[in-house]
Amino acid sequence: MRPLLLLILICHISSPVKHSLKYFLTGSSGLPNFPEFVGVSFVDDVVVGSCDSDKTTPEATQDWMIKLFKHNPQLFEIYDQMCLLILPNLFKVTIFTLTRRLNQSGGVHVLQNMNGCEWDDETGEMTGFNQYSYDGEDLISFDPKTLTWVTQKSQAFSTKLNWDADKARIKQIEYDVIQMCNERLKTHLAYGERSLLRTDLPSVSLLQKTPSSPVSCHATGFYPERATLSWRKDGEELHEDVELGEILPNHDGSFQMSAELKLSSVTPEDWSRFTCVFQLSGVKEDIVTKLDKAHIRTNWVPPSEFPTGAVVGVVVGLLLLTLCICGLLMWRRNRTAPDDNSEASENLNPRPDCQSPSLSSLM
């Protein structure tokens, strides 16, 4: 472990986390050069599969997902039928119905659906969800407790009444987002255990551009994505003078993030009171990095340390080289000059283009 990480810990102790299986579905009309239907599946917020109406078959985006399809061909057939036939037609009909009920004609319209489930691996609690948005606004969602559709939009009330009256569909949705989703989620977790259930702790560094710049606490190489990074003073989390960055993916599938602390209100005597704290879901202990000037990494070089002697040497060298070239040109003209004294006298005077450059012109 690098010495710049003044850490209080570290141990890999697993704690209960929630796992999820989510499907993001998008249907559209009036969008040129774009599939009418697109579906993407996520396990614990990791993309594991996708499909669209322009493709001939669903695609697995994880090696373990390919293995799952190979060992469970019936599951692949379900995805294949849903992605390429059932869902595209359902979304197409629903968009047509909504445009009529909302008195719309032509133009671009987008219907989106997110459905799936979450499972708490400690309590065993399973929650399901199924919600729609239309043209970028929430439209209607399913309440698995009351087995009814809920909407805040008056324009969607007739849709709610129609969907509530379809008892067969409600029964199917209840089964999909609870029982079936639970079974599929656990199957996915079993195949993707090495990838999905791992916990990788990051390396944490303190970075600064100049002595007056904010200090950035940078954590990289962690997994899963469910993590937080914060600055604290005397153990209390800071919100003022702190700028949190987004969680970004690394090329190896891990993640990185940063949090900047402005030093304008921090006195040198108070530095020891500040810490950067990294928390990873599934790991009980935090990674705590103390704010210490000795451990800040920077590329900044004080002006007094610039190699001015070398710069002066280069300028002097260029000056001497120019003088030598001009002297050589005058010597060659003198050797070829005529005997006329006036012409020779003129040739002995250097031309304007061979005048010695001033030091200021080279600087």
# chains A, B, ... in the order shown; residues from 1 in each chain; ligands from 1
>>> residues_around(residues="Asp241 (chain A)", least_positions_apart="5", cutoff="9 Å", atoms="only C-alpha atoms", output="VMD selection string")
chain A and resid 260 to 265
>>> closest_residue(among="A:Trp163, A:Trp119, A:Cys83, A:Ser216", to="Leu189 (chain A)", atoms="only C-alpha atoms")
A:Trp119
>>> residues_around(residues="Asp45 (chain A)", least_positions_apart="6", cutoff="12 Å", atoms="only C-alpha atoms", output="list of chain:residue names")
A:Lys18, A:His19, A:Ser20, A:Leu21, A:Lys22, A:Tyr23, A:Phe24, A:Gly116, A:Cys117, A:Glu118, A:Leu196, A:Tyr223, A:Pro224, A:Glu225, A:Arg226
>>> select_by_dssp(residues="region 41-232 of chain A", states="strand (DSSP E)", output="VMD selection string")
chain A and resid 41 to 43 46 to 52 59 to 60 109 to 120 126 to 134 137 to 143 148 to 150 203 to 207 215 to 222 227 to 232
>>> residues_around(residues="Asp270 (chain A)", least_positions_apart="3", cutoff="10 Å", atoms="only C-alpha atoms", output="ChimeraX atom specification")
/A:233-234,265-267,273-274,291
>>> residues_around(residues="Thr159 (chain A)", least_positions_apart="4", cutoff="12 Å", atoms="only C-alpha atoms", output="ChimeraX atom specification")
/A:94-95,97-102,132,139-141,148-155,163-166
>>> closest_residue(among="A:Pro88, A:Pro73, A:Gly124, A:Gly107", to="Pro32 (chain A)", atoms="only C-alpha atoms")
A:Gly107
>>> residues_around(residues="Asp54 (chain A)", least_positions_apart="3", cutoff="12 Å", atoms="only C-alpha atoms", output="count of residues only")
15
>>> select_by_dssp(residues="region 114-198 of chain A", states="helix (DSSP H, G or I)", output="PyMOL selection string")
chain A and resi 154-165+167-191+193-196
>>> closest_residue(among="A:Ile66, A:Val277, A:Leu31, A:Val17", to="Thr123 (chain A)", atoms="only C-alpha atoms")
A:Val17
>>> residues_around(residues="His218 (chain A)", least_positions_apart="6", cutoff="7 Å", atoms="only C-alpha atoms", output="ChimeraX atom specification")
/A:204-206,257-259
>>> closest_residue(among="A:Phe91, A:Phe222, A:Tyr191, A:Trp231", to="Ser53 (chain A)", atoms="only C-alpha atoms")
A:Phe91
>>> atom_distance(atom1="CA of Pro144 (chain A)", atom2="CA of Lys186 (chain A)")
20.1 Å
